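Data file: final-v1.cif. Format and content: mmCIF, C-alpha atoms.
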data_coords
loop_
_atom_site.label_atom_id
_atom_site.label_comp_id
_atom_site.auth_asym_id
_atom_site.auth_seq_id
_atom_site.Cartn_x
_atom_site.Cartn_y
_atom_site.Cartn_z
CA MET A 1 134.86 154.09 95.30
CA ASP A 2 131.84 152.79 93.38
CA VAL A 3 128.58 152.63 95.27
CA LYS A 4 126.72 149.52 94.19
CA GLN A 5 122.97 149.45 94.23
CA GLY A 6 120.65 146.53 94.94
CA ILE A 7 116.88 146.54 94.69
CA HIS A 8 114.62 143.91 96.17
CA LYS A 9 110.88 143.97 96.70
CA SER A 10 109.50 142.24 99.76
CA LYS A 11 105.79 141.84 100.43
CA GLY A 12 106.09 144.85 102.70
CA GLY A 13 107.78 147.20 100.27
CA LEU A 14 110.76 148.06 98.16
CA ILE A 15 114.24 147.89 99.73
CA ARG A 16 117.04 149.77 97.99
CA SER A 17 120.58 149.19 99.25
CA PHE A 18 123.66 151.24 98.47
CA VAL A 19 126.88 149.55 99.45
CA THR A 20 130.63 150.05 99.17
CA THR A 21 133.14 147.39 100.17
CA GLU A 22 136.78 147.30 101.22
CA ASN A 23 138.88 144.15 101.64
CA GLY A 24 135.82 141.91 101.38
CA LYS A 25 133.93 143.82 104.07
CA ILE A 26 131.05 146.27 103.94
CA LYS A 27 132.46 149.76 104.33
CA GLU A 28 129.51 152.10 103.79
CA ILE A 29 125.86 151.15 103.54
CA ASN A 30 122.62 153.04 103.06
CA ILE A 31 119.11 151.68 102.86
CA SER A 32 116.10 153.49 101.41
CA GLY A 33 112.59 152.23 100.81
CA ASP A 34 108.87 152.26 101.44
CA PHE A 35 108.76 149.28 103.81
CA PHE A 36 107.55 149.40 107.42
CA LEU A 37 109.67 148.55 110.43
CA PHE A 38 109.02 149.09 114.15
CA PRO A 39 110.71 150.56 116.08
CA GLU A 40 111.84 152.74 113.18
CA GLU A 41 115.14 153.76 114.78
CA ALA A 42 116.26 150.12 114.77
CA LEU A 43 117.08 150.44 111.08
CA PHE A 44 119.91 152.80 112.01
CA LYS A 45 121.30 150.04 114.24
CA ILE A 46 121.08 147.51 111.44
CA VAL A 47 122.98 149.83 109.13
CA GLN A 48 125.57 150.63 111.81
CA GLU A 49 126.13 146.96 112.66
CA LEU A 50 126.54 145.96 109.04
CA LYS A 51 129.53 148.23 108.61
CA GLY A 52 132.61 146.03 108.85
CA THR A 53 130.62 142.85 108.28
CA LYS A 54 131.99 140.33 105.78
CA ALA A 55 130.32 140.85 102.41
CA GLU A 56 128.82 137.36 102.45
CA ARG A 57 125.17 136.33 102.53
CA LYS A 58 125.40 134.20 105.67
CA GLU A 59 127.19 136.87 107.69
CA VAL A 60 124.90 139.67 106.51
CA GLU A 61 121.74 137.72 107.32
CA ARG A 62 123.06 136.59 110.72
CA LYS A 63 123.83 140.19 111.72
CA ILE A 64 120.42 141.43 110.65
CA ALA A 65 118.58 138.57 112.39
CA GLU A 66 120.58 139.28 115.53
CA ILE A 67 119.42 142.90 115.64
CA TYR A 68 115.84 141.82 114.89
CA ASP A 69 115.97 139.74 118.10
CA LEU A 70 117.78 142.33 120.15
CA GLU A 71 115.49 145.21 119.18
CA ASN A 72 112.26 143.19 118.94
CA ILE A 73 111.80 144.39 115.39
CA GLN A 74 108.45 143.93 113.66
CA SER A 75 108.36 144.54 109.93
CA PRO A 76 105.12 143.34 108.33
CA GLY A 77 105.81 141.68 104.99
CA THR A 78 109.57 142.12 105.28
CA LEU A 79 112.01 139.57 106.72
CA PRO A 80 115.73 139.76 107.55
CA SER A 81 116.24 137.66 104.42
CA ASP A 82 114.62 140.44 102.34
CA PHE A 83 117.14 143.02 103.56
CA THR A 84 119.87 140.44 102.94
CA GLU A 85 118.62 139.87 99.41
CA SER A 86 118.67 143.59 98.62
CA ILE A 87 122.19 143.97 100.03
CA MET A 88 123.46 140.85 98.22
CA LYS A 89 122.07 142.16 94.94
CA ALA A 90 124.17 145.26 95.51
CA LEU A 91 127.25 143.24 96.46
CA GLU A 92 126.92 140.83 93.57
CA GLY A 93 125.70 143.40 91.06
CA MET B 1 78.28 156.20 124.23
CA GLU B 2 81.98 156.88 124.54
CA GLU B 3 83.15 160.12 122.95
CA TRP B 4 86.41 160.58 121.10
CA ARG B 5 87.91 163.84 120.00
CA PHE B 6 87.55 164.96 116.39
CA ILE B 7 89.51 167.76 114.70
CA ASP B 8 89.40 169.01 111.12
CA PHE B 9 92.63 170.89 110.36
CA ARG B 10 91.43 171.62 106.80
CA LEU B 11 94.01 172.92 104.29
CA VAL B 12 97.45 172.88 105.95
CA ASP B 13 101.17 173.20 105.42
CA ILE B 14 102.36 169.65 105.70
CA ARG B 15 105.31 170.52 107.98
CA ASP B 16 102.96 172.03 110.54
CA MET B 17 100.61 169.09 110.14
CA MET B 18 103.31 166.48 110.72
CA ALA B 19 104.37 168.33 113.88
CA MET B 20 100.78 168.30 115.16
CA ASP B 21 100.44 164.65 114.13
CA GLU B 22 103.43 163.64 116.25
CA ALA B 23 102.32 165.89 119.11
CA ILE B 24 98.89 164.23 119.26
CA LEU B 25 100.52 160.77 119.36
CA LYS B 26 102.96 161.78 122.09
CA SER B 27 100.51 163.69 124.28
CA ASP B 28 97.83 162.08 126.34
CA GLU B 29 94.53 163.57 125.24
CA GLY B 30 92.76 160.30 124.46
CA ASN B 31 91.72 158.65 121.23
CA THR B 32 91.46 161.16 118.41
CA PHE B 33 90.36 161.16 114.79
CA PHE B 34 91.37 164.03 112.54
CA PHE B 35 91.26 165.25 108.95
CA TRP B 36 93.46 167.52 106.92
CA THR B 37 94.09 168.36 103.29
CA PRO B 38 97.71 168.91 102.30
CA LYS B 39 98.83 171.90 100.30
CA LYS B 40 101.07 171.08 97.33
CA SER B 41 103.64 168.81 98.95
CA ILE B 42 105.60 165.59 99.19
CA ILE B 43 105.91 163.58 102.39
CA LEU B 44 108.68 161.01 102.49
CA GLY B 45 108.30 157.80 104.47
CA PHE B 46 110.66 157.44 107.42
CA PHE B 47 113.07 155.18 105.51
CA GLN B 48 113.09 156.98 102.18
CA LYS B 49 116.01 159.04 101.01
CA ALA B 50 114.94 162.20 99.22
CA ASP B 51 117.56 162.15 96.46
CA ILE B 52 116.87 158.50 95.68
CA GLU B 53 113.08 158.63 95.60
CA LEU B 54 112.69 162.08 94.05
CA ASP B 55 113.95 163.98 91.06
CA ILE B 56 114.87 166.88 93.36
CA PRO B 57 115.37 169.66 90.75
CA LYS B 58 111.81 169.00 89.56
CA CYS B 59 110.38 169.36 93.07
CA LYS B 60 111.20 173.04 93.52
CA ASP B 61 107.55 174.11 93.85
CA TYR B 62 106.82 171.48 96.46
CA THR B 63 107.04 171.59 100.21
CA ILE B 64 108.93 168.45 101.19
CA THR B 65 109.01 166.85 104.60
CA ARG B 66 109.33 163.44 106.20
CA ARG B 67 106.99 161.63 108.57
CA ILE B 68 107.78 159.40 111.55
CA SER B 69 106.13 156.33 110.00
CA GLY B 70 107.44 154.10 107.23
CA GLY B 71 105.90 153.49 103.83
CA GLY B 72 106.08 155.42 100.60
CA ILE B 73 105.79 158.97 99.33
CA ALA B 74 102.57 160.84 99.95
CA PHE B 75 102.26 163.20 97.02
CA SER B 76 99.79 166.05 96.87
CA ASP B 77 99.37 168.20 93.78
CA GLU B 78 97.99 171.71 93.58
CA ARG B 79 94.46 170.47 93.01
CA CYS B 80 94.38 169.67 96.75
CA ARG B 81 91.61 167.11 96.30
CA GLN B 82 92.66 164.63 98.92
CA ILE B 83 91.20 163.81 102.28
CA ASN B 84 93.93 162.85 104.70
CA TYR B 85 93.15 161.44 108.10
CA GLY B 86 94.93 160.56 111.30
CA VAL B 87 93.93 158.22 114.08
CA VAL B 88 95.59 158.11 117.46
CA GLY B 89 94.37 155.23 119.58
CA THR B 90 95.37 153.16 122.57
CA ILE B 91 96.17 149.62 121.48
CA ASP B 92 93.55 147.62 123.39
CA ASN B 93 93.38 144.43 121.30
CA GLU B 94 89.74 145.15 120.58
CA LEU B 95 89.20 148.34 118.63
CA PHE B 96 92.92 148.66 117.92
CA PRO B 97 94.56 145.24 117.57
CA MET B 98 98.15 144.61 118.61
CA ASP B 99 98.66 142.75 115.32
CA ILE B 100 99.94 145.32 112.85
CA ILE B 101 98.09 144.13 109.76
CA GLY B 102 94.97 143.56 111.88
CA SER B 103 95.08 147.16 113.05
CA TYR B 104 95.57 148.49 109.51
CA LYS B 105 92.60 146.44 108.42
CA GLN B 106 90.44 147.76 111.23
CA ILE B 107 91.16 151.44 110.51
CA CYS B 108 91.15 151.03 106.71
CA GLY B 109 87.69 149.49 107.21
CA VAL B 110 86.39 153.02 107.75
CA LEU B 111 87.47 154.00 104.24
CA ILE B 112 86.16 150.76 102.77
CA ASP B 113 82.76 151.34 104.41
CA THR B 114 82.83 154.87 102.95
CA LEU B 115 83.58 153.63 99.44
CA LEU B 116 80.92 150.91 99.73
CA HIS B 117 78.49 153.69 100.63
CA TYR B 118 79.27 155.12 97.19
CA LYS B 119 78.61 151.65 95.70
CA LEU B 120 82.25 151.04 94.82
CA ASN B 121 83.94 147.64 94.93
CA ALA B 122 86.36 148.50 97.74
CA ALA B 123 88.63 146.10 99.61
CA PHE B 124 91.62 145.97 101.93
CA ARG B 125 94.86 144.88 100.29
CA PRO B 126 97.48 143.94 102.87
CA ILE B 127 99.60 145.38 104.17
CA ASN B 128 98.30 148.91 104.04
CA ASP B 129 96.28 149.73 100.92
CA VAL B 130 92.63 150.22 100.14
CA VAL B 131 91.72 149.33 96.57
CA VAL B 132 88.75 149.75 94.27
CA ASP B 133 88.63 147.00 91.65
CA ASN B 134 92.23 146.25 92.67
CA LYS B 135 93.38 149.82 91.99
CA LYS B 136 94.88 151.68 94.94
CA ILE B 137 92.73 154.59 96.08
CA SER B 138 94.17 155.00 99.57
CA GLY B 139 97.62 154.56 101.08
CA ASN B 140 98.08 154.27 104.83
CA ALA B 141 101.02 154.38 107.23
CA GLN B 142 101.23 153.47 110.87
CA THR B 143 103.67 153.91 113.69
CA ARG B 144 103.44 153.03 117.35
CA TRP B 145 104.56 154.74 120.52
CA GLU B 146 104.16 153.69 124.15
CA GLY B 147 101.11 151.50 123.71
CA LYS B 148 99.42 153.80 121.22
CA LEU B 149 99.21 153.80 117.46
CA LEU B 150 99.18 156.61 114.97
CA GLN B 151 97.82 155.88 111.54
CA ASN B 152 97.79 158.38 108.71
CA GLY B 153 96.23 157.81 105.36
CA THR B 154 94.81 159.48 102.33
CA LEU B 155 91.70 159.09 100.25
CA LEU B 156 92.36 160.37 96.74
CA LEU B 157 89.51 162.38 95.24
CA ASP B 158 91.59 163.55 92.29
CA PHE B 159 95.18 162.82 91.37
CA ASP B 160 97.68 163.97 88.78
CA ILE B 161 99.58 160.79 87.92
CA GLU B 162 101.72 162.42 85.22
CA GLU B 163 102.90 165.01 87.71
CA MET B 164 103.70 162.37 90.33
CA LEU B 165 105.71 160.36 87.80
CA ARG B 166 107.48 163.52 86.67
CA ILE B 167 108.87 164.29 90.13
CA SER B 168 109.64 160.77 91.35
CA ASN B 169 112.20 158.10 90.57
CA ILE B 170 109.90 155.10 90.70
CA PRO B 171 111.68 151.89 89.71
CA LYS B 172 109.47 149.56 87.75
CA GLU B 173 110.23 146.68 90.16
CA LYS B 174 107.79 148.25 92.59
CA PHE B 175 104.73 147.11 90.69
CA LEU B 176 106.02 143.98 88.98
CA ASP B 177 104.57 141.33 91.22
CA LYS B 178 101.29 143.18 91.53
CA LYS B 179 100.84 142.16 87.90
CA ILE B 180 100.13 145.70 86.95
CA ALA B 181 101.62 146.91 83.72
CA SER B 182 102.09 150.49 84.85
CA VAL B 183 101.48 152.91 87.67
CA ARG B 184 98.67 154.39 85.61
CA GLU B 185 96.70 151.18 85.84
CA GLY B 186 97.48 150.65 89.50
CA LEU B 187 95.97 153.82 90.95
CA THR B 188 92.56 155.39 90.97
CA TRP B 189 90.65 158.19 92.71
CA LEU B 190 87.10 158.90 93.75
CA ASP B 191 86.19 161.49 91.09
CA ARG B 192 87.23 159.07 88.40
CA GLU B 193 85.34 156.15 89.94
CA LEU B 194 82.15 158.17 90.44
CA GLY B 195 82.40 160.04 87.16
CA GLU B 196 81.72 163.32 88.97
CA GLN B 197 83.16 165.61 91.64
CA ARG B 198 81.48 165.18 95.00
CA ASP B 199 81.68 167.84 97.65
CA MET B 200 84.64 167.18 99.94
CA GLU B 201 82.69 168.09 103.08
CA GLU B 202 79.98 165.59 102.17
CA ILE B 203 82.56 162.81 101.80
CA LYS B 204 84.20 163.75 105.10
CA ASN B 205 80.83 163.50 106.82
CA VAL B 206 80.33 160.01 105.42
CA ILE B 207 83.80 158.99 106.66
CA LYS B 208 83.00 160.38 110.12
CA GLU B 209 79.73 158.45 110.26
CA LYS B 210 81.45 155.24 109.16
CA PHE B 211 84.16 155.81 111.76
CA GLU B 212 81.56 156.22 114.52
CA GLU B 213 79.75 153.06 113.40
CA ARG B 214 82.89 150.96 113.16
CA PHE B 215 84.34 152.05 116.50
CA HIS B 216 80.98 152.41 118.30
CA VAL B 217 81.86 155.90 119.51
CA GLY B 218 80.64 159.44 119.06
CA LEU B 219 83.07 161.95 117.57
CA LYS B 220 83.07 165.28 119.35
CA SER B 221 84.71 168.32 117.75
CA GLY B 222 87.66 169.60 119.72
CA THR B 223 90.98 171.36 119.40
CA LEU B 224 94.59 170.76 120.37
CA SER B 225 95.26 171.09 124.10
CA GLU B 226 97.78 173.63 125.38
CA LYS B 227 100.22 170.78 126.00
CA GLU B 228 99.82 169.55 122.44
CA LYS B 229 100.34 173.06 121.09
CA GLU B 230 103.54 173.40 123.11
CA LEU B 231 104.80 170.03 121.91
CA THR B 232 103.89 170.99 118.34
CA ASN B 233 106.04 174.11 118.67
CA THR B 234 108.91 172.01 120.01
CA LEU B 235 108.62 169.44 117.20
CA SER B 236 107.96 171.85 114.36
CA PRO B 237 111.59 172.91 113.60
CA LYS B 238 112.45 169.27 112.83
CA TYR B 239 109.88 169.08 110.05
CA TYR B 240 111.26 172.30 108.52
CA SER B 241 114.90 171.21 108.79
CA HIS B 242 117.22 170.13 106.01
CA GLU B 243 118.76 167.46 108.29
CA TRP B 244 115.45 165.68 108.78
CA VAL B 245 114.21 165.89 105.20
CA TYR B 246 117.45 165.21 103.32
CA ARG B 247 119.17 162.89 105.78
#
Once you've parsed the file, please lay out its structure as structure tokens.
Amino acid sequence: MDVKQGIHKSKGGLIRSFVTTENGKIKEINISGDFFLFPEEALFKIVQELKGTKAERKEVERKIAEIYDLENIQSPGTLPSDFTESIMKALEG
Amino acid sequence: MEEWRFIDFRLVDIRDMMAMDEAILKSDEGNTFFFWTPKKSIILGFFQKADIELDIPKCKDYTITRRISGGGIAFSDERCRQINYGVVGTIDNELFPMDIIGSYKQICGVLIDTLLHYKLNAAFRPINDVVVDNKKISGNAQTRWEGKLLQNGTLLLDFDIEEMLRISNIPKEKFLDKKIASVREGLTWLDRELGEQRDMEEIKNVIKEKFEERFHVGLKSGTLSEKEKELTNTLSPKYYSHEWVYR
């Protein structure tokens, strides 16, 4: 299956997303970049939670925002909408 | 006057250094300021994937590892003219602000004061850069752990841009909104700015003085404690491992 790539630059850094989909849902996802996010391990949770999520902007952003709240994530210059944008660029690209 | 520990690790293998870095953060030996100079190496930020950020076959001569803080690649060529520093401090909302950008600004202030000493037009550029005439001369990365912060950063004295571009996969998006036409115009280093090579020890002494002034403390030379050495030995295999670097 084709891995689609999306690149988005937030104020806090570059976010590169690599996504595959199946039946309209995110199957595999990887994120790489030079942004900052505390606690760092929370990014693994974001990635884990996104698997199986509907490949739609609203759903993706809701999931990410949910984990931001749950894990008390701080990411200077980067918002949940920035991760969403990167992922959507991959999905729509 | 309060005394904080100071250590100069000098020229080091970056895998050993990153293990000591983490050990200092996760031990309890008080606020510490330290220097090192990396041997030829590449340090990935916590969130960077090696095969995406780097042209791996071209990196054969480099020691590659990953650090526990986010941010971008720290690249060190064989000229080894970089001063890297680490600060471990208890977040007290005075010397080390809780606010992330505020704490970057406070610590980066030491480098800015140093560059001002050399009559350069240095400034903080949020989130984590120090610039001279809007060209990046220092990158910095911070992480936090149990009420403490660890900040690492570099002051470039010399830098081989061509070599950095050769080994990395830098997408041009990175610099677009900084209104900089190319990486070449976005970076600078001290030797270039001063038009001469200054002695590295002299520059380190200026940084130390500026650190003491900014934090109102005296820096006292010390070493790693036994506990820190043990923790370093425990952490070290991670920084040498394929799983950690190429995950």
Residues of chain B within 6 Å of chain A, counting only C-alpha atoms - could you list those as JSON, numbers by chain? {"B": [47, 48, 49, 70, 71, 72]}
Can you spell out as a ChimeraX atom specification the set of residues that the PyMOL selection byres ((chain A and resi 21) around 10) selects in the structure I just provided? /A:1-4,19-20,22-29,51-55,91
Give me the residues within 6 Å of segment 184-193 of chain B as a list in words, counting all atoms listed in the file and dropping any in the same chain fewer than 3 places off.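 Skipping anything fewer than 3 positions along the chain leaves Lys135, Lys136, Ile137, Leu156, Leu157, Asp158, Glu196 and Gln197 of chain B.
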Evaluate the PyMOL selection byres ((chain B and resi 132) around 6) against this structure - the residues, as a PyMOL selection string, please. chain B and resi 121-122+131+133-135
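For Tyr239 of chain B, the residues within 12 Å (counting all atoms listed in the file, excluding itself and residues fewer than 6 positions away along the chain) are B:Asp13, B:Ile14, B:Arg15, B:Asp16, B:Met17, B:Met18, B:Ala19, B:Met20, B:Asp21, B:Glu22, B:Ile43, B:Leu44, B:Phe46, B:Thr63, B:Ile64, B:Thr65, B:Arg66, B:Arg67, B:Ile68, B:Thr232, B:Asn233, B:Val245, B:Tyr246, B:Arg247.
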Using all atoms listed in the file, what does the table of segment 105-222 of chain B residues within 6 Å of segment 80-97 of chain B look like, with each row giving the shortest atom pair and its distance in Å to one decimal, sorted by chain and ascending number, as a Markdown table?
| residue | atom | partner | partner_atom | distance |
| --- | --- | --- | --- | --- |
| B:Gly147 | CA | B:Ile91 | CA | 5.7 |
| B:Lys148 | CA | B:Thr90 | CA | 4.3 |
| B:Leu149 | CA | B:Gly89 | CA | 5.5 |
| B:Leu150 | CA | B:Val88 | CA | 4.6 |
| B:Gln151 | CA | B:Val87 | CA | 5.2 |
| B:Asn152 | CA | B:Gly86 | CA | 4.4 |
| B:Gly153 | CA | B:Tyr85 | CA | 5.5 |
| B:Thr154 | CA | B:Asn84 | CA | 4.2 |
| B:Leu155 | CA | B:Ile83 | CA | 5.2 |
| B:Leu156 | CA | B:Gln82 | CA | 4.8 |
| B:Leu157 | CA | B:Arg81 | CA | 5.3 |
| B:Asp158 | CA | B:Arg81 | CA | 5.4 |
Here atom CA of Ser236 of chain B and atom CA of Ser221 of chain B stand apart by 23.8 Å
Local residues around (119.5, 139.1, 112.7), at most 12 Å away, using all atoms listed in the file, as a PyMOL selection string: chain A and resi 42-43+45-47+49-50+57-73+79-84
Okay, now the selection with C-alpha atoms, as a short mmCIF file (atom, residue, chain, number, x, y, z; two decimals), in the coordinates of the input?
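Contents of selection-v1.cif, as written:
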data_model
loop_
_atom_site.label_atom_id
_atom_site.label_comp_id
_atom_site.auth_asym_id
_atom_site.auth_seq_id
_atom_site.Cartn_x
_atom_site.Cartn_y
_atom_site.Cartn_z
CA ALA A 42 116.26 150.12 114.77
CA LEU A 43 117.08 150.44 111.08
CA LYS A 45 121.30 150.04 114.24
CA ILE A 46 121.08 147.51 111.44
CA VAL A 47 122.98 149.83 109.13
CA GLU A 49 126.13 146.96 112.66
CA LEU A 50 126.54 145.96 109.04
CA ARG A 57 125.17 136.33 102.53
CA LYS A 58 125.40 134.20 105.67
CA GLU A 59 127.19 136.87 107.69
CA VAL A 60 124.90 139.67 106.51
CA GLU A 61 121.74 137.72 107.32
CA ARG A 62 123.06 136.59 110.72
CA LYS A 63 123.83 140.19 111.72
CA ILE A 64 120.42 141.43 110.65
CA ALA A 65 118.58 138.57 112.39
CA GLU A 66 120.58 139.28 115.53
CA ILE A 67 119.42 142.90 115.64
CA TYR A 68 115.84 141.82 114.89
CA ASP A 69 115.97 139.74 118.10
CA LEU A 70 117.78 142.33 120.15
CA GLU A 71 115.49 145.21 119.18
CA ASN A 72 112.26 143.19 118.94
CA ILE A 73 111.80 144.39 115.39
CA LEU A 79 112.01 139.57 106.72
CA PRO A 80 115.73 139.76 107.55
CA SER A 81 116.24 137.66 104.42
CA ASP A 82 114.62 140.44 102.34
CA PHE A 83 117.14 143.02 103.56
CA THR A 84 119.87 140.44 102.94
#
Just the number, please: distance in Å from atom CA of Asp199 of chain B to atom CA of Thr37 of chain B, one decimal.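 Computing it gives 13.6 Å between the two atoms.
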Run the PyMOL selection byres ((chain A and resi 89) around 8) mentally over the shown coordinates, then write out the matched residues as a ChimeraX atom specification, using the chain letters and numbers from the document. /A:5-8,85-88,90-93
Using atom CA of Ala74 of chain B and atom CA of Gln48 of chain A as the two end points, give the distance in Å to one decimal. 27.8 Å
I need every residue sitting at most 7 Å from the point (104.2, 169.7, 98.9) (coordinates as in the file, all atoms listed in the file considered), written as a PDB file with C-alpha atoms, in the coordinates of the input.
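File selection_12.pdb, as written:
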ATOM      1  CA  LYS B  39      98.830 171.900 100.300  1.00  0.00           C
ATOM      2  CA  LYS B  40     101.070 171.080  97.330  1.00  0.00           C
ATOM      3  CA  SER B  41     103.640 168.810  98.950  1.00  0.00           C
ATOM      4  CA  ILE B  42     105.600 165.590  99.190  1.00  0.00           C
ATOM      5  CA  TYR B  62     106.820 171.480  96.460  1.00  0.00           C
ATOM      6  CA  THR B  63     107.040 171.590 100.210  1.00  0.00           C
ATOM      7  CA  ILE B  64     108.930 168.450 101.190  1.00  0.00           C
ATOM      8  CA  SER B  76      99.790 166.050  96.870  1.00  0.00           C
TER       9      SER B  76
END
Would you fill out segment 211-226 of chain B with N, CA and C atoms and return it as a PDB file, keeping the file's coordinate frame?
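Output saved as rebuild33.pdb:
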ATOM      1  N   PHE B 211      83.223 155.960 110.654  1.00  0.00           N
ATOM      2  CA  PHE B 211      84.160 155.810 111.760  1.00  0.00           C
ATOM      3  C   PHE B 211      83.389 155.553 113.061  1.00  0.00           C
ATOM      4  N   GLU B 212      82.359 156.366 113.292  1.00  0.00           N
ATOM      5  CA  GLU B 212      81.560 156.220 114.520  1.00  0.00           C
ATOM      6  C   GLU B 212      80.902 154.845 114.573  1.00  0.00           C
ATOM      7  N   GLU B 213      80.399 154.384 113.436  1.00  0.00           N
ATOM      8  CA  GLU B 213      79.750 153.060 113.400  1.00  0.00           C
ATOM      9  C   GLU B 213      80.755 151.950 113.688  1.00  0.00           C
ATOM     10  N   ARG B 214      81.915 152.040 113.037  1.00  0.00           N
ATOM     11  CA  ARG B 214      82.890 150.960 113.160  1.00  0.00           C
ATOM     12  C   ARG B 214      83.479 150.873 114.563  1.00  0.00           C
ATOM     13  N   PHE B 215      83.706 152.049 115.174  1.00  0.00           N
ATOM     14  CA  PHE B 215      84.340 152.050 116.500  1.00  0.00           C
ATOM     15  C   PHE B 215      83.316 152.184 117.638  1.00  0.00           C
ATOM     16  N   HIS B 216      82.046 152.271 117.298  1.00  0.00           N
ATOM     17  CA  HIS B 216      80.980 152.410 118.300  1.00  0.00           C
ATOM     18  C   HIS B 216      81.244 153.572 119.251  1.00  0.00           C
ATOM     19  N   VAL B 217      81.593 154.706 118.688  1.00  0.00           N
ATOM     20  CA  VAL B 217      81.860 155.900 119.510  1.00  0.00           C
ATOM     21  C   VAL B 217      81.187 157.109 118.857  1.00  0.00           C
ATOM     22  N   GLY B 218      81.067 158.169 119.619  1.00  0.00           N
ATOM     23  CA  GLY B 218      80.640 159.440 119.060  1.00  0.00           C
ATOM     24  C   GLY B 218      81.861 160.328 118.898  1.00  0.00           C
ATOM     25  N   LEU B 219      81.940 161.026 117.775  1.00  0.00           N
ATOM     26  CA  LEU B 219      83.070 161.950 117.570  1.00  0.00           C
ATOM     27  C   LEU B 219      82.624 163.345 117.976  1.00  0.00           C
ATOM     28  N   LYS B 220      83.412 163.960 118.835  1.00  0.00           N
ATOM     29  CA  LYS B 220      83.070 165.280 119.350  1.00  0.00           C
ATOM     30  C   LYS B 220      84.148 166.273 118.915  1.00  0.00           C
ATOM     31  N   SER B 221      83.743 167.340 118.240  1.00  0.00           N
ATOM     32  CA  SER B 221      84.710 168.320 117.750  1.00  0.00           C
ATOM     33  C   SER B 221      85.486 168.936 118.900  1.00  0.00           C
ATOM     34  N   GLY B 222      86.800 169.012 118.699  1.00  0.00           N
ATOM     35  CA  GLY B 222      87.660 169.600 119.720  1.00  0.00           C
ATOM     36  C   GLY B 222      88.829 170.306 119.073  1.00  0.00           C
ATOM     37  N   THR B 223      89.785 170.675 119.900  1.00  0.00           N
ATOM     38  CA  THR B 223      90.980 171.360 119.400  1.00  0.00           C
ATOM     39  C   THR B 223      92.202 170.748 120.085  1.00  0.00           C
ATOM     40  N   LEU B 224      93.369 171.201 119.686  1.00  0.00           N
ATOM     41  CA  LEU B 224      94.590 170.760 120.370  1.00  0.00           C
ATOM     42  C   LEU B 224      94.598 171.350 121.787  1.00  0.00           C
ATOM     43  N   SER B 225      95.114 170.577 122.727  1.00  0.00           N
ATOM     44  CA  SER B 225      95.260 171.090 124.100  1.00  0.00           C
ATOM     45  C   SER B 225      96.484 172.010 124.140  1.00  0.00           C
ATOM     46  N   GLU B 226      96.616 172.751 125.231  1.00  0.00           N
ATOM     47  CA  GLU B 226      97.780 173.630 125.380  1.00  0.00           C
ATOM     48  C   GLU B 226      99.074 172.825 125.333  1.00  0.00           C
TER      49      GLU B 226
END
